[in-house]
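Text of start.txt, listed as compact mmCIF, N, CA and C atoms:
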# COMPACT_ATOMS: atom_id res chain seq x y z
N MET A 41 161.97 62.11 117.32
CA MET A 41 161.61 61.90 118.70
C MET A 41 160.64 63.01 119.11
N ALA A 42 159.62 62.65 119.76
CA ALA A 42 158.61 63.61 120.21
C ALA A 42 159.06 64.30 121.49
N LYS A 43 158.67 65.55 121.62
CA LYS A 43 158.98 66.28 122.84
C LYS A 43 157.88 66.01 123.86
N VAL A 44 158.27 65.69 125.07
CA VAL A 44 157.34 65.40 126.14
C VAL A 44 157.68 66.28 127.33
N GLN A 45 156.69 67.02 127.81
CA GLN A 45 156.92 67.86 128.97
C GLN A 45 156.88 67.00 130.22
N LEU A 46 157.98 67.02 130.98
CA LEU A 46 158.07 66.20 132.18
C LEU A 46 157.69 66.96 133.43
N ASN A 47 158.11 68.22 133.53
CA ASN A 47 157.77 68.99 134.71
C ASN A 47 157.70 70.47 134.38
N GLN A 48 157.09 71.23 135.27
CA GLN A 48 156.89 72.66 135.07
C GLN A 48 156.94 73.34 136.44
N LYS A 49 157.59 74.50 136.49
CA LYS A 49 157.66 75.27 137.73
C LYS A 49 157.01 76.62 137.50
N GLU A 50 156.24 77.08 138.48
CA GLU A 50 155.58 78.37 138.42
C GLU A 50 155.86 79.13 139.71
N GLN A 51 155.90 80.45 139.60
CA GLN A 51 156.04 81.28 140.79
C GLN A 51 155.00 82.39 140.71
N HIS A 52 154.25 82.57 141.79
CA HIS A 52 153.18 83.56 141.85
C HIS A 52 153.45 84.54 143.00
N TYR A 53 152.82 85.71 142.91
CA TYR A 53 152.94 86.76 143.92
C TYR A 53 151.58 86.99 144.54
N ALA A 54 151.55 87.24 145.85
CA ALA A 54 150.30 87.57 146.55
C ALA A 54 150.59 88.61 147.62
N ASP A 55 149.61 89.50 147.84
CA ASP A 55 149.77 90.54 148.87
C ASP A 55 149.45 90.02 150.27
N THR A 56 148.53 89.05 150.36
CA THR A 56 148.12 88.55 151.67
C THR A 56 148.25 87.03 151.73
N ARG A 57 148.26 86.49 152.92
CA ARG A 57 148.34 85.04 153.11
C ARG A 57 147.10 84.36 152.52
N GLU A 58 145.92 84.99 152.65
CA GLU A 58 144.69 84.41 152.10
C GLU A 58 144.76 84.27 150.58
N GLN A 59 145.29 85.30 149.92
CA GLN A 59 145.44 85.21 148.47
C GLN A 59 146.42 84.10 148.09
N ALA A 60 147.48 83.96 148.85
CA ALA A 60 148.46 82.91 148.59
C ALA A 60 147.83 81.53 148.76
N GLU A 61 147.03 81.35 149.79
CA GLU A 61 146.37 80.07 150.00
C GLU A 61 145.33 79.77 148.94
N GLU A 62 144.68 80.80 148.39
CA GLU A 62 143.74 80.61 147.28
C GLU A 62 144.47 80.10 146.04
N ILE A 63 145.65 80.66 145.78
CA ILE A 63 146.44 80.20 144.63
C ILE A 63 146.84 78.75 144.79
N VAL A 64 147.24 78.37 145.99
CA VAL A 64 147.64 76.98 146.26
C VAL A 64 146.43 76.05 146.15
N SER A 65 145.29 76.45 146.69
CA SER A 65 144.11 75.57 146.62
C SER A 65 143.65 75.40 145.17
N ALA A 66 143.77 76.43 144.34
CA ALA A 66 143.43 76.29 142.92
C ALA A 66 144.41 75.36 142.23
N ALA A 67 145.68 75.43 142.61
CA ALA A 67 146.69 74.56 142.00
C ALA A 67 146.50 73.11 142.41
N LYS A 68 145.97 72.87 143.61
CA LYS A 68 145.78 71.50 144.09
C LYS A 68 144.71 70.75 143.28
N GLU A 69 143.90 71.47 142.51
CA GLU A 69 142.91 70.81 141.67
C GLU A 69 143.58 70.02 140.55
N ASN A 70 144.80 70.40 140.19
CA ASN A 70 145.56 69.68 139.18
C ASN A 70 146.22 68.47 139.83
N ASP A 71 145.98 67.28 139.30
CA ASP A 71 146.53 66.05 139.87
C ASP A 71 148.05 65.97 139.74
N ASN A 72 148.63 66.74 138.85
CA ASN A 72 150.07 66.68 138.61
C ASN A 72 150.87 67.58 139.54
N LEU A 73 150.22 68.25 140.48
CA LEU A 73 150.93 69.12 141.42
C LEU A 73 151.83 68.26 142.31
N GLN A 74 153.12 68.53 142.27
CA GLN A 74 154.09 67.74 143.03
C GLN A 74 154.43 68.43 144.35
N MET A 75 154.61 69.77 144.31
CA MET A 75 155.07 70.48 145.48
C MET A 75 154.56 71.90 145.43
N HIS A 76 154.23 72.45 146.61
CA HIS A 76 153.88 73.87 146.71
C HIS A 76 154.56 74.44 147.95
N LYS A 77 154.92 75.74 147.85
CA LYS A 77 155.61 76.37 148.96
C LYS A 77 155.20 77.85 148.99
N ILE A 78 154.83 78.34 150.17
CA ILE A 78 154.49 79.74 150.36
C ILE A 78 155.61 80.36 151.20
N MET A 79 156.26 81.38 150.65
CA MET A 79 157.34 82.06 151.37
C MET A 79 156.91 83.48 151.72
N GLU A 80 157.06 83.82 152.98
CA GLU A 80 156.74 85.17 153.43
C GLU A 80 157.98 86.04 153.27
N LYS A 81 157.84 87.18 152.58
CA LYS A 81 158.96 88.07 152.31
C LYS A 81 158.65 89.47 152.81
N PHE A 82 159.70 90.23 153.07
CA PHE A 82 159.56 91.62 153.51
C PHE A 82 160.49 92.49 152.67
N ASN A 83 160.04 93.70 152.38
CA ASN A 83 160.90 94.73 151.80
C ASN A 83 160.49 96.07 152.38
N LYS A 84 161.02 97.16 151.85
CA LYS A 84 160.73 98.47 152.43
C LYS A 84 159.27 98.88 152.27
N TYR A 85 158.53 98.20 151.37
CA TYR A 85 157.12 98.52 151.17
C TYR A 85 156.20 97.68 152.03
N GLY A 86 156.73 96.65 152.65
CA GLY A 86 155.91 95.83 153.52
C GLY A 86 156.07 94.34 153.26
N GLN A 87 155.06 93.60 153.65
CA GLN A 87 155.06 92.14 153.58
C GLN A 87 154.41 91.69 152.28
N TYR A 88 154.94 90.61 151.67
CA TYR A 88 154.32 89.97 150.50
C TYR A 88 154.64 88.48 150.54
N PHE A 89 154.01 87.71 149.67
CA PHE A 89 154.16 86.26 149.65
C PHE A 89 154.53 85.79 148.26
N LEU A 90 155.49 84.88 148.18
CA LEU A 90 155.85 84.22 146.94
C LEU A 90 155.40 82.77 147.03
N ILE A 91 154.73 82.31 145.98
CA ILE A 91 154.22 80.94 145.95
C ILE A 91 154.95 80.18 144.85
N ASP A 92 155.63 79.10 145.20
CA ASP A 92 156.30 78.23 144.24
C ASP A 92 155.45 76.99 144.04
N LEU A 93 155.17 76.67 142.78
CA LEU A 93 154.41 75.46 142.43
C LEU A 93 155.25 74.63 141.49
N THR A 94 155.29 73.31 141.72
CA THR A 94 156.02 72.39 140.85
C THR A 94 155.06 71.30 140.40
N TYR A 95 154.97 71.11 139.09
CA TYR A 95 154.13 70.06 138.50
C TYR A 95 155.03 69.01 137.86
N ALA A 96 154.72 67.73 138.06
CA ALA A 96 155.45 66.63 137.42
C ALA A 96 154.44 65.82 136.61
N TYR A 97 154.64 65.75 135.30
CA TYR A 97 153.68 65.08 134.42
C TYR A 97 154.02 63.62 134.20
N GLN A 98 155.25 63.31 133.87
CA GLN A 98 155.68 61.92 133.73
C GLN A 98 157.14 61.86 134.15
N THR A 99 157.54 60.71 134.64
CA THR A 99 158.96 60.56 134.96
C THR A 99 159.69 60.12 133.69
N PRO A 100 160.98 60.38 133.57
CA PRO A 100 161.71 59.92 132.39
C PRO A 100 161.62 58.40 132.20
N LYS A 101 161.53 57.65 133.29
CA LYS A 101 161.42 56.20 133.19
C LYS A 101 160.13 55.82 132.45
N GLU A 102 159.01 56.49 132.77
CA GLU A 102 157.75 56.20 132.09
C GLU A 102 157.82 56.53 130.61
N VAL A 103 158.51 57.62 130.27
CA VAL A 103 158.64 58.00 128.87
C VAL A 103 159.48 56.98 128.12
N MET A 104 160.59 56.55 128.70
CA MET A 104 161.47 55.61 128.03
C MET A 104 160.86 54.21 127.92
N GLU A 105 160.01 53.83 128.86
CA GLU A 105 159.41 52.51 128.82
C GLU A 105 158.12 52.45 128.03
N SER A 106 157.60 53.61 127.61
CA SER A 106 156.36 53.59 126.82
C SER A 106 156.65 53.01 125.44
N GLU A 107 155.66 52.33 124.89
CA GLU A 107 155.84 51.68 123.59
C GLU A 107 155.73 52.71 122.48
N PRO A 108 156.54 52.55 121.42
CA PRO A 108 156.45 53.47 120.30
C PRO A 108 155.12 53.29 119.57
N GLN A 109 154.76 54.30 118.79
CA GLN A 109 153.50 54.22 118.05
C GLN A 109 153.61 53.14 116.98
N LYS A 110 152.52 52.42 116.76
CA LYS A 110 152.49 51.33 115.80
C LYS A 110 152.17 51.87 114.41
N ASP A 111 152.77 51.26 113.39
CA ASP A 111 152.46 51.59 111.99
C ASP A 111 151.27 50.75 111.53
N ASN A 112 150.55 51.25 110.56
CA ASN A 112 149.43 50.51 109.97
C ASN A 112 149.84 49.92 108.62
N ALA A 113 151.09 49.56 108.46
CA ALA A 113 151.60 49.02 107.21
C ALA A 113 151.18 47.56 107.08
N PRO A 114 151.09 47.07 105.83
CA PRO A 114 150.79 45.65 105.65
C PRO A 114 151.90 44.78 106.22
N ASP A 115 151.57 43.49 106.49
CA ASP A 115 152.57 42.58 107.06
C ASP A 115 153.77 42.46 106.14
N GLY A 116 154.95 42.49 106.75
CA GLY A 116 156.17 42.33 105.98
C GLY A 116 156.76 43.64 105.50
N GLN A 117 156.09 44.76 105.72
CA GLN A 117 156.61 46.04 105.26
C GLN A 117 156.52 47.06 106.38
N MET A 118 157.47 47.96 106.40
CA MET A 118 157.43 49.09 107.31
C MET A 118 157.11 50.33 106.50
N SER A 119 156.19 51.15 106.97
CA SER A 119 155.86 52.39 106.30
C SER A 119 156.51 53.53 107.05
N ILE A 120 157.06 54.49 106.34
CA ILE A 120 157.69 55.65 106.95
C ILE A 120 156.69 56.79 106.86
N ASP A 121 156.09 57.16 108.00
CA ASP A 121 155.08 58.22 108.01
C ASP A 121 155.70 59.60 108.14
N ASP A 122 156.76 59.72 108.93
CA ASP A 122 157.39 61.02 109.14
C ASP A 122 158.48 61.21 108.10
N HIS A 123 158.12 61.72 106.96
CA HIS A 123 159.09 61.91 105.90
C HIS A 123 158.80 63.21 105.17
N GLU A 124 159.74 63.62 104.38
CA GLU A 124 159.56 64.74 103.48
C GLU A 124 159.92 64.26 102.09
N GLY A 125 159.09 64.55 101.11
CA GLY A 125 159.43 64.20 99.74
C GLY A 125 158.72 62.95 99.28
N VAL A 126 159.48 62.00 98.75
CA VAL A 126 158.95 60.81 98.10
C VAL A 126 158.53 59.78 99.13
N GLU A 127 157.34 59.20 98.93
CA GLU A 127 156.86 58.13 99.80
C GLU A 127 157.50 56.81 99.36
N TYR A 128 157.92 56.00 100.33
CA TYR A 128 158.51 54.71 100.02
C TYR A 128 158.22 53.74 101.14
N THR A 129 158.43 52.46 100.86
CA THR A 129 158.26 51.42 101.87
C THR A 129 159.54 50.58 101.92
N ILE A 130 159.82 50.00 103.06
CA ILE A 130 161.01 49.15 103.22
C ILE A 130 160.51 47.73 103.50
N ASP A 131 160.97 46.80 102.66
CA ASP A 131 160.57 45.40 102.79
C ASP A 131 161.41 44.71 103.86
N LYS A 132 161.02 43.46 104.20
CA LYS A 132 161.74 42.70 105.22
C LYS A 132 163.20 42.46 104.85
N ASP A 133 163.48 42.30 103.56
CA ASP A 133 164.85 42.02 103.13
C ASP A 133 165.72 43.28 103.10
N GLY A 134 165.16 44.43 103.43
CA GLY A 134 165.93 45.67 103.49
C GLY A 134 165.85 46.51 102.24
N SER A 135 165.21 46.01 101.20
CA SER A 135 165.10 46.80 99.97
C SER A 135 163.98 47.81 100.10
N ALA A 136 164.12 48.92 99.39
CA ALA A 136 163.12 49.98 99.42
C ALA A 136 162.41 50.03 98.08
N SER A 137 161.11 50.33 98.12
CA SER A 137 160.36 50.47 96.87
C SER A 137 159.58 51.77 96.91
N VAL A 138 159.48 52.40 95.73
CA VAL A 138 158.80 53.68 95.58
C VAL A 138 157.50 53.43 94.83
N ALA A 139 156.45 54.13 95.24
CA ALA A 139 155.16 53.99 94.57
C ALA A 139 155.29 54.49 93.13
N PRO A 140 154.61 53.85 92.17
CA PRO A 140 154.74 54.24 90.76
C PRO A 140 154.38 55.70 90.49
N ASP A 141 153.42 56.25 91.19
CA ASP A 141 153.04 57.64 90.94
C ASP A 141 154.06 58.63 91.50
N GLN A 142 155.02 58.16 92.32
CA GLN A 142 156.05 59.03 92.89
C GLN A 142 157.31 59.07 92.04
N ARG A 143 157.41 58.20 91.05
CA ARG A 143 158.64 58.10 90.25
C ARG A 143 158.80 59.26 89.27
N ASP A 144 157.74 59.97 88.95
CA ASP A 144 157.80 61.02 87.94
C ASP A 144 158.16 62.38 88.52
N LEU A 145 158.49 62.46 89.80
CA LEU A 145 158.85 63.73 90.39
C LEU A 145 160.17 64.25 89.80
N VAL A 146 160.24 65.54 89.58
CA VAL A 146 161.43 66.16 89.00
C VAL A 146 162.49 66.27 90.08
N GLU A 147 163.73 65.84 89.74
CA GLU A 147 164.81 65.93 90.72
C GLU A 147 165.34 67.34 90.77
N ASP A 148 165.86 67.72 91.91
CA ASP A 148 166.44 69.05 92.11
C ASP A 148 167.73 69.15 91.30
N SER A 149 167.90 70.23 90.55
CA SER A 149 169.07 70.38 89.70
C SER A 149 170.17 71.20 90.35
N SER A 150 170.06 71.50 91.64
CA SER A 150 171.09 72.27 92.31
C SER A 150 172.34 71.42 92.49
N PRO A 151 173.54 72.04 92.38
CA PRO A 151 174.77 71.26 92.50
C PRO A 151 175.10 70.83 93.92
N PHE A 152 174.31 71.24 94.89
CA PHE A 152 174.61 70.90 96.29
C PHE A 152 173.75 69.79 96.74

Represent the structure contained in this file as structure tokens.
Amino acid sequence: MAKVQLNQKEQHYADTREQAEEIVSAAKENDNLQMHKIMEKFNKYGQYFLIDLTYAYQTPKEVMESEPQKDNAPDGQMSIDDHEGVEYTIDKDGSASVAPDQRDLVEDSSPF
């Protein structure tokens, strides 16, 4: 299963309101921006701003409803592309066949 990034959250710091608004305006250039929030904070050193940005790339529904990638195998056979080791194909009747040049591979002699 492929990993798909669905959302991302960022938090930025700014000394002035103008800097905070510049960060938000730059973030608005991204079409995936879902939410932005500027919070004014105070501490013993003075005033500062925290900017929260939330990006949403795809909803889980879109990911689950997307079609799986198609194989380029000949009709009647499924090819397994994501494998390690010996290449093989699975026929419609459920039997598996190995390519002749793959049959000469040395088997692992470990007892496990």

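By chain and then residue number, the residues within 6 Å of His76 in chain A are Gln74, Ile78, Asp92, Leu93 and Thr94 of chain A, counting all atoms listed in the file and disregarding those fewer than 2 positions away in sequence.
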
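Picture a line from CA of Glu62 in chain A to CA of Lys81 in chain A; it runs 17.7 Å.
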
Distance of CA of Tyr95 in chain A from CA of Glu80 in chain A, expressed in Å to one decimal place: 21.4 Å

Point-to-point distance from CA of Val44 in chain A to CA of Lys68 in chain A, Å rounded to tenths: 22.2 Å

Proximity to Asn47 in chain A - best of A:Glu105, A:Asn83, A:Tyr97, A:Ile130, all atoms listed in the file: A:Tyr97

Spatial neighbours of Tyr128 in chain A, max dist 7 Å, only C-alpha atoms, sep filter under 5 positions, as a tab-separated table (two decimals) with N, CA and C atoms, in the coordinates of the input:
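See out.tsv below for the written result:
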chain	number	residue	atom	x	y	z
A	136	ALA	N	164.12	48.92	99.39
A	136	ALA	CA	163.12	49.98	99.42
A	136	ALA	C	162.41	50.03	98.08
A	137	SER	N	161.11	50.33	98.12
A	137	SER	CA	160.36	50.47	96.87
A	137	SER	C	159.58	51.77	96.91
A	138	VAL	N	159.48	52.40	95.73
A	138	VAL	CA	158.80	53.68	95.58
A	138	VAL	C	157.50	53.43	94.83
A	139	ALA	N	156.45	54.13	95.24
A	139	ALA	CA	155.16	53.99	94.57
A	139	ALA	C	155.29	54.49	93.13

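Comparing the minimum interatomic distances between Phe89 in chain A and each of A:Asn70, A:Ser135, A:Ser65, A:Gln59, counting only C-alpha atoms, we find that A:Gln59 sits nearest.
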
Range 44-65 of chain A rebuilt with N, CA, C and O atoms, output as a PDB file, in the frame of the given file:
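out-v3.pdb, written as the output of this step:
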ATOM      1  N   VAL A  44     158.270  65.690 125.070  1.00  0.00           N
ATOM      2  CA  VAL A  44     157.340  65.400 126.140  1.00  0.00           C
ATOM      3  C   VAL A  44     157.680  66.280 127.330  1.00  0.00           C
ATOM      4  O   VAL A  44     158.828  66.323 127.777  1.00  0.00           O
ATOM      5  N   GLN A  45     156.690  67.020 127.810  1.00  0.00           N
ATOM      6  CA  GLN A  45     156.920  67.860 128.970  1.00  0.00           C
ATOM      7  C   GLN A  45     156.880  67.000 130.220  1.00  0.00           C
ATOM      8  O   GLN A  45     155.904  66.325 130.498  1.00  0.00           O
ATOM      9  N   LEU A  46     157.980  67.020 130.980  1.00  0.00           N
ATOM     10  CA  LEU A  46     158.070  66.200 132.180  1.00  0.00           C
ATOM     11  C   LEU A  46     157.690  66.960 133.430  1.00  0.00           C
ATOM     12  O   LEU A  46     157.047  66.426 134.316  1.00  0.00           O
ATOM     13  N   ASN A  47     158.110  68.220 133.530  1.00  0.00           N
ATOM     14  CA  ASN A  47     157.770  68.990 134.710  1.00  0.00           C
ATOM     15  C   ASN A  47     157.700  70.470 134.380  1.00  0.00           C
ATOM     16  O   ASN A  47     158.179  70.907 133.343  1.00  0.00           O
ATOM     17  N   GLN A  48     157.090  71.230 135.270  1.00  0.00           N
ATOM     18  CA  GLN A  48     156.890  72.660 135.070  1.00  0.00           C
ATOM     19  C   GLN A  48     156.940  73.340 136.440  1.00  0.00           C
ATOM     20  O   GLN A  48     156.388  72.838 137.404  1.00  0.00           O
ATOM     21  N   LYS A  49     157.590  74.500 136.490  1.00  0.00           N
ATOM     22  CA  LYS A  49     157.660  75.270 137.730  1.00  0.00           C
ATOM     23  C   LYS A  49     157.010  76.620 137.500  1.00  0.00           C
ATOM     24  O   LYS A  49     157.209  77.237 136.457  1.00  0.00           O
ATOM     25  N   GLU A  50     156.240  77.080 138.480  1.00  0.00           N
ATOM     26  CA  GLU A  50     155.580  78.370 138.420  1.00  0.00           C
ATOM     27  C   GLU A  50     155.860  79.130 139.710  1.00  0.00           C
ATOM     28  O   GLU A  50     155.993  78.516 140.771  1.00  0.00           O
ATOM     29  N   GLN A  51     155.900  80.450 139.600  1.00  0.00           N
ATOM     30  CA  GLN A  51     156.040  81.280 140.790  1.00  0.00           C
ATOM     31  C   GLN A  51     155.000  82.390 140.710  1.00  0.00           C
ATOM     32  O   GLN A  51     154.852  83.039 139.680  1.00  0.00           O
ATOM     33  N   HIS A  52     154.250  82.570 141.790  1.00  0.00           N
ATOM     34  CA  HIS A  52     153.180  83.560 141.850  1.00  0.00           C
ATOM     35  C   HIS A  52     153.450  84.540 143.000  1.00  0.00           C
ATOM     36  O   HIS A  52     154.160  84.225 143.950  1.00  0.00           O
ATOM     37  N   TYR A  53     152.820  85.710 142.910  1.00  0.00           N
ATOM     38  CA  TYR A  53     152.940  86.760 143.920  1.00  0.00           C
ATOM     39  C   TYR A  53     151.580  86.990 144.540  1.00  0.00           C
ATOM     40  O   TYR A  53     150.555  86.959 143.853  1.00  0.00           O
ATOM     41  N   ALA A  54     151.550  87.240 145.850  1.00  0.00           N
ATOM     42  CA  ALA A  54     150.300  87.570 146.550  1.00  0.00           C
ATOM     43  C   ALA A  54     150.590  88.610 147.620  1.00  0.00           C
ATOM     44  O   ALA A  54     151.666  88.611 148.229  1.00  0.00           O
ATOM     45  N   ASP A  55     149.610  89.500 147.840  1.00  0.00           N
ATOM     46  CA  ASP A  55     149.770  90.540 148.870  1.00  0.00           C
ATOM     47  C   ASP A  55     149.450  90.020 150.270  1.00  0.00           C
ATOM     48  O   ASP A  55     150.021  90.496 151.250  1.00  0.00           O
ATOM     49  N   THR A  56     148.530  89.050 150.360  1.00  0.00           N
ATOM     50  CA  THR A  56     148.120  88.550 151.670  1.00  0.00           C
ATOM     51  C   THR A  56     148.250  87.030 151.730  1.00  0.00           C
ATOM     52  O   THR A  56     148.315  86.353 150.683  1.00  0.00           O
ATOM     53  N   ARG A  57     148.260  86.490 152.920  1.00  0.00           N
ATOM     54  CA  ARG A  57     148.340  85.040 153.110  1.00  0.00           C
ATOM     55  C   ARG A  57     147.100  84.360 152.520  1.00  0.00           C
ATOM     56  O   ARG A  57     147.190  83.285 151.934  1.00  0.00           O
ATOM     57  N   GLU A  58     145.920  84.990 152.650  1.00  0.00           N
ATOM     58  CA  GLU A  58     144.690  84.410 152.100  1.00  0.00           C
ATOM     59  C   GLU A  58     144.760  84.270 150.580  1.00  0.00           C
ATOM     60  O   GLU A  58     144.342  83.253 150.022  1.00  0.00           O
ATOM     61  N   GLN A  59     145.290  85.300 149.920  1.00  0.00           N
ATOM     62  CA  GLN A  59     145.440  85.210 148.470  1.00  0.00           C
ATOM     63  C   GLN A  59     146.420  84.100 148.090  1.00  0.00           C
ATOM     64  O   GLN A  59     146.187  83.360 147.130  1.00  0.00           O
ATOM     65  N   ALA A  60     147.480  83.960 148.850  1.00  0.00           N
ATOM     66  CA  ALA A  60     148.460  82.910 148.590  1.00  0.00           C
ATOM     67  C   ALA A  60     147.830  81.530 148.760  1.00  0.00           C
ATOM     68  O   ALA A  60     148.050  80.631 147.940  1.00  0.00           O
ATOM     69  N   GLU A  61     147.030  81.350 149.790  1.00  0.00           N
ATOM     70  CA  GLU A  61     146.370  80.070 150.000  1.00  0.00           C
ATOM     71  C   GLU A  61     145.330  79.770 148.940  1.00  0.00           C
ATOM     72  O   GLU A  61     145.107  78.613 148.580  1.00  0.00           O
ATOM     73  N   GLU A  62     144.680  80.800 148.390  1.00  0.00           N
ATOM     74  CA  GLU A  62     143.740  80.610 147.280  1.00  0.00           C
ATOM     75  C   GLU A  62     144.470  80.100 146.040  1.00  0.00           C
ATOM     76  O   GLU A  62     143.970  79.219 145.332  1.00  0.00           O
ATOM     77  N   ILE A  63     145.650  80.660 145.780  1.00  0.00           N
ATOM     78  CA  ILE A  63     146.440  80.200 144.630  1.00  0.00           C
ATOM     79  C   ILE A  63     146.840  78.750 144.790  1.00  0.00           C
ATOM     80  O   ILE A  63     146.722  77.940 143.865  1.00  0.00           O
ATOM     81  N   VAL A  64     147.240  78.370 145.990  1.00  0.00           N
ATOM     82  CA  VAL A  64     147.640  76.980 146.260  1.00  0.00           C
ATOM     83  C   VAL A  64     146.430  76.050 146.150  1.00  0.00           C
ATOM     84  O   VAL A  64     146.526  74.967 145.563  1.00  0.00           O
ATOM     85  N   SER A  65     145.290  76.450 146.690  1.00  0.00           N
ATOM     86  CA  SER A  65     144.110  75.570 146.620  1.00  0.00           C
ATOM     87  C   SER A  65     143.650  75.400 145.170  1.00  0.00           C
ATOM     88  O   SER A  65     143.193  74.312 144.793  1.00  0.00           O
TER      89      SER A  65
END
